[in-house]
>>> print(open('query-v6.cif').read())   # mmCIF, N, CA and C atoms
data_entry
loop_
_atom_site.label_atom_id
_atom_site.label_comp_id
_atom_site.auth_asym_id
_atom_site.auth_seq_id
_atom_site.Cartn_x
_atom_site.Cartn_y
_atom_site.Cartn_z
N MET P 1398 25.93 -79.35 170.35
CA MET P 1398 26.52 -80.67 170.50
C MET P 1398 28.02 -80.51 170.65
N SER P 1399 28.60 -81.19 171.58
CA SER P 1399 30.05 -81.09 171.74
C SER P 1399 30.65 -82.48 171.57
N GLY P 1400 31.54 -82.62 170.58
CA GLY P 1400 32.22 -83.89 170.33
C GLY P 1400 31.29 -84.95 169.78
N GLY P 1401 31.86 -86.04 169.32
CA GLY P 1401 31.06 -87.15 168.83
C GLY P 1401 30.52 -86.92 167.43
N ILE P 1402 29.79 -87.91 166.97
CA ILE P 1402 29.22 -87.85 165.63
C ILE P 1402 27.89 -87.12 165.69
N ARG P 1403 27.70 -86.17 164.80
CA ARG P 1403 26.43 -85.45 164.75
C ARG P 1403 25.34 -86.38 164.25
N LYS P 1404 24.14 -86.19 164.75
CA LYS P 1404 23.02 -87.06 164.37
C LYS P 1404 21.85 -86.22 163.91
N PHE P 1405 21.04 -86.82 163.04
CA PHE P 1405 19.79 -86.21 162.58
C PHE P 1405 18.73 -87.28 162.65
N ASN P 1406 17.65 -87.02 163.35
CA ASN P 1406 16.60 -88.02 163.59
C ASN P 1406 17.19 -89.31 164.16
N GLY P 1407 18.19 -89.18 165.02
CA GLY P 1407 18.78 -90.34 165.68
C GLY P 1407 19.77 -91.12 164.85
N LYS P 1408 19.99 -90.74 163.60
CA LYS P 1408 20.93 -91.47 162.73
C LYS P 1408 22.18 -90.64 162.53
N PRO P 1409 23.35 -91.28 162.43
CA PRO P 1409 24.59 -90.52 162.23
C PRO P 1409 24.58 -89.78 160.89
N CYS P 1410 25.15 -88.60 160.90
CA CYS P 1410 25.24 -87.81 159.67
C CYS P 1410 26.32 -88.36 158.75
N ALA P 1411 26.11 -88.16 157.45
CA ALA P 1411 27.12 -88.56 156.47
C ALA P 1411 28.33 -87.63 156.57
N SER P 1412 28.09 -86.40 156.96
CA SER P 1412 29.16 -85.43 157.10
C SER P 1412 29.16 -84.91 158.53
N THR P 1413 30.32 -84.82 159.12
CA THR P 1413 30.41 -84.29 160.48
C THR P 1413 30.94 -82.86 160.46
N THR P 1414 30.94 -82.25 159.28
CA THR P 1414 31.42 -80.87 159.17
C THR P 1414 30.55 -79.96 160.00
N ARG P 1415 31.19 -79.13 160.78
CA ARG P 1415 30.46 -78.13 161.57
C ARG P 1415 30.68 -76.77 160.93
N TYR P 1416 29.59 -76.15 160.50
CA TYR P 1416 29.68 -74.85 159.84
C TYR P 1416 29.53 -73.74 160.87
N ASN P 1417 30.37 -72.72 160.76
CA ASN P 1417 30.34 -71.62 161.72
C ASN P 1417 29.05 -70.82 161.65
N ASP P 1418 28.43 -70.76 160.46
CA ASP P 1418 27.21 -69.96 160.33
C ASP P 1418 25.96 -70.76 160.67
N GLY P 1419 26.11 -72.02 161.04
CA GLY P 1419 24.98 -72.81 161.52
C GLY P 1419 24.11 -73.41 160.44
N HIS P 1420 24.50 -73.31 159.17
CA HIS P 1420 23.62 -73.89 158.15
C HIS P 1420 23.73 -75.40 158.14
N ARG P 1421 22.80 -76.03 157.52
CA ARG P 1421 22.68 -77.48 157.57
C ARG P 1421 23.83 -78.18 156.86
N GLY P 1422 24.21 -79.32 157.41
CA GLY P 1422 25.20 -80.17 156.76
C GLY P 1422 24.53 -81.09 155.76
N ALA P 1423 25.23 -82.09 155.30
CA ALA P 1423 24.73 -82.99 154.27
C ALA P 1423 23.47 -83.73 154.69
N CYS P 1424 23.31 -84.00 155.98
CA CYS P 1424 22.16 -84.80 156.44
C CYS P 1424 21.06 -83.95 157.02
N GLY P 1425 21.24 -82.65 157.07
CA GLY P 1425 20.24 -81.80 157.67
C GLY P 1425 20.57 -81.43 159.10
N CYS P 1426 21.77 -81.81 159.56
CA CYS P 1426 22.17 -81.44 160.92
C CYS P 1426 22.41 -79.94 160.98
N GLY P 1427 22.35 -79.42 162.15
CA GLY P 1427 22.65 -78.01 162.33
C GLY P 1427 21.37 -77.21 162.52
N ALA P 1428 21.55 -75.93 162.62
CA ALA P 1428 20.43 -75.03 162.85
C ALA P 1428 19.54 -74.99 161.61
N PRO P 1429 18.28 -74.61 161.80
CA PRO P 1429 17.39 -74.47 160.64
C PRO P 1429 17.93 -73.43 159.66
N ASN P 1430 17.43 -73.50 158.45
CA ASN P 1430 17.88 -72.56 157.42
C ASN P 1430 17.69 -71.13 157.90
N SER P 1431 18.58 -70.30 157.49
CA SER P 1431 18.55 -68.90 157.87
C SER P 1431 17.34 -68.20 157.26
N VAL P 1432 16.81 -67.23 157.99
CA VAL P 1432 15.70 -66.42 157.48
C VAL P 1432 16.14 -65.66 156.23
N VAL P 1433 17.40 -65.27 156.18
CA VAL P 1433 17.91 -64.54 155.03
C VAL P 1433 17.77 -65.38 153.76
N VAL P 1434 18.07 -66.66 153.83
CA VAL P 1434 17.96 -67.53 152.67
C VAL P 1434 16.51 -67.59 152.21
N VAL P 1435 15.59 -67.72 153.13
CA VAL P 1435 14.18 -67.78 152.78
C VAL P 1435 13.73 -66.48 152.13
N VAL P 1436 14.16 -65.36 152.67
CA VAL P 1436 13.80 -64.06 152.10
C VAL P 1436 14.35 -63.93 150.69
N VAL P 1437 15.59 -64.34 150.48
CA VAL P 1437 16.20 -64.24 149.14
C VAL P 1437 15.42 -65.11 148.15
N VAL P 1438 15.05 -66.30 148.54
CA VAL P 1438 14.29 -67.18 147.65
C VAL P 1438 12.94 -66.56 147.30
N VAL P 1439 12.26 -66.01 148.29
CA VAL P 1439 10.96 -65.37 148.05
C VAL P 1439 11.12 -64.18 147.11
N VAL P 1440 12.14 -63.38 147.32
CA VAL P 1440 12.37 -62.22 146.45
C VAL P 1440 12.64 -62.68 145.02
N VAL P 1441 13.45 -63.70 144.85
CA VAL P 1441 13.75 -64.21 143.50
C VAL P 1441 12.48 -64.71 142.83
N VAL P 1442 11.65 -65.44 143.55
CA VAL P 1442 10.40 -65.95 142.98
C VAL P 1442 9.49 -64.80 142.57
N VAL P 1443 9.37 -63.79 143.43
CA VAL P 1443 8.53 -62.63 143.11
C VAL P 1443 9.05 -61.91 141.87
N VAL P 1444 10.36 -61.73 141.77
CA VAL P 1444 10.93 -61.06 140.60
C VAL P 1444 10.65 -61.85 139.34
N VAL P 1445 10.80 -63.16 139.39
CA VAL P 1445 10.53 -64.00 138.22
C VAL P 1445 9.07 -63.88 137.81
N VAL P 1446 8.16 -63.91 138.77
CA VAL P 1446 6.74 -63.80 138.46
C VAL P 1446 6.43 -62.44 137.83
N VAL P 1447 7.00 -61.38 138.37
CA VAL P 1447 6.78 -60.03 137.83
C VAL P 1447 7.30 -59.94 136.40
N VAL P 1448 8.45 -60.51 136.14
CA VAL P 1448 9.01 -60.47 134.78
C VAL P 1448 8.13 -61.25 133.82
N VAL P 1449 7.66 -62.42 134.22
CA VAL P 1449 6.79 -63.22 133.35
C VAL P 1449 5.50 -62.47 133.05
N VAL P 1450 4.90 -61.86 134.08
CA VAL P 1450 3.67 -61.09 133.87
C VAL P 1450 3.92 -59.91 132.94
N ALA P 1451 5.04 -59.23 133.11
CA ALA P 1451 5.37 -58.09 132.25
C ALA P 1451 5.52 -58.53 130.79
N VAL P 1452 6.16 -59.67 130.58
CA VAL P 1452 6.33 -60.18 129.21
C VAL P 1452 4.98 -60.51 128.60
N VAL P 1453 4.10 -61.14 129.36
CA VAL P 1453 2.77 -61.47 128.86
C VAL P 1453 1.99 -60.20 128.52
N VAL P 1454 2.07 -59.19 129.37
CA VAL P 1454 1.38 -57.93 129.10
C VAL P 1454 1.90 -57.29 127.83
N VAL P 1455 3.20 -57.27 127.64
CA VAL P 1455 3.79 -56.69 126.43
C VAL P 1455 3.32 -57.46 125.20
N LEU P 1456 3.30 -58.78 125.27
CA LEU P 1456 2.85 -59.58 124.13
C LEU P 1456 1.39 -59.31 123.81
N VAL P 1457 0.55 -59.15 124.81
CA VAL P 1457 -0.87 -58.85 124.58
C VAL P 1457 -1.01 -57.48 123.96
N VAL P 1458 -0.29 -56.50 124.45
CA VAL P 1458 -0.35 -55.14 123.89
C VAL P 1458 0.09 -55.14 122.43
N VAL P 1459 1.16 -55.85 122.13
CA VAL P 1459 1.65 -55.92 120.75
C VAL P 1459 0.61 -56.61 119.86
N ALA P 1460 0.01 -57.68 120.35
CA ALA P 1460 -1.00 -58.39 119.56
C ALA P 1460 -2.21 -57.51 119.30
N VAL P 1461 -2.67 -56.78 120.31
CA VAL P 1461 -3.82 -55.87 120.13
C VAL P 1461 -3.46 -54.75 119.16
N ALA P 1462 -2.27 -54.20 119.29
CA ALA P 1462 -1.84 -53.13 118.38
C ALA P 1462 -1.78 -53.62 116.94
N ALA P 1463 -1.27 -54.84 116.77
CA ALA P 1463 -1.20 -55.41 115.42
C ALA P 1463 -2.59 -55.64 114.86
N ALA P 1464 -3.52 -56.13 115.68
CA ALA P 1464 -4.89 -56.35 115.23
C ALA P 1464 -5.56 -55.04 114.86
N VAL P 1465 -5.33 -54.01 115.65
CA VAL P 1465 -5.90 -52.69 115.35
C VAL P 1465 -5.31 -52.16 114.04
N ALA P 1466 -4.03 -52.32 113.84
CA ALA P 1466 -3.39 -51.85 112.61
C ALA P 1466 -3.93 -52.57 111.39
N VAL P 1467 -4.12 -53.88 111.51
CA VAL P 1467 -4.66 -54.65 110.39
C VAL P 1467 -6.09 -54.24 110.11
N ALA P 1468 -6.86 -54.05 111.16
CA ALA P 1468 -8.25 -53.63 110.98
C ALA P 1468 -8.34 -52.25 110.36
N ALA P 1469 -7.43 -51.36 110.71
CA ALA P 1469 -7.44 -50.01 110.16
C ALA P 1469 -7.07 -49.99 108.69
N THR P 1470 -6.19 -50.91 108.28
CA THR P 1470 -5.75 -50.91 106.87
C THR P 1470 -6.73 -51.66 105.97
N THR P 1471 -7.62 -52.45 106.52
CA THR P 1471 -8.56 -53.19 105.69
C THR P 1471 -9.89 -52.48 105.50
N LYS P 1472 -10.07 -51.31 106.07
CA LYS P 1472 -11.32 -50.56 105.91
C LYS P 1472 -11.38 -49.88 104.60
#
>>> encode(input="query-v6.cif", output="structure tokens")
Amino acid sequence: MSGGIRKFNGKPCASTTRYNDGHRGACGCGAPNSVVVVVVVVVVVVVVVVVVVAVVVVLVVVAVAAAVAVAATTK
């Protein structure tokens, strides 16, 4: 787009800022989100899931070890 007010779905944008890297303005104008942003979000989500699973596994191992220890001392 050259000159004039930027539009999104035919309506004027709240912000006419033009970003050099093409990311979206306040109304969603501009190029679609970068693939890099999507990849970073996916990586962050995967890391969070892996950490949560690791914590659950550690808690289960500790609980089983404690149960085994209690069972061994009550014989």
>>> atom_distance(input="query-v6.cif", atom1="atom N of P:Val1448", atom2="atom C of P:Val1436")
16.1 Å
>>> atom_distance(input="query-v6.cif", atom1="atom CA of P:Val1458", atom2="atom N of P:Thr1470")
17.2 Å
>>> axis_aligned_box(input="query-v6.cif", around="stretch 1441-1451 of chain P", padding_each_side="5 Å", output="AutoDock Vina command-line options")
--center_x 8.7 --center_y -62.0 --center_z 137.8 --size_x 20.1 --size_y 17.9 --size_z 24.1
>>> atom_distance(input="query-v6.cif", atom1="atom N of P:Val1467", atom2="atom CA of P:Val1454")
18.9 Å
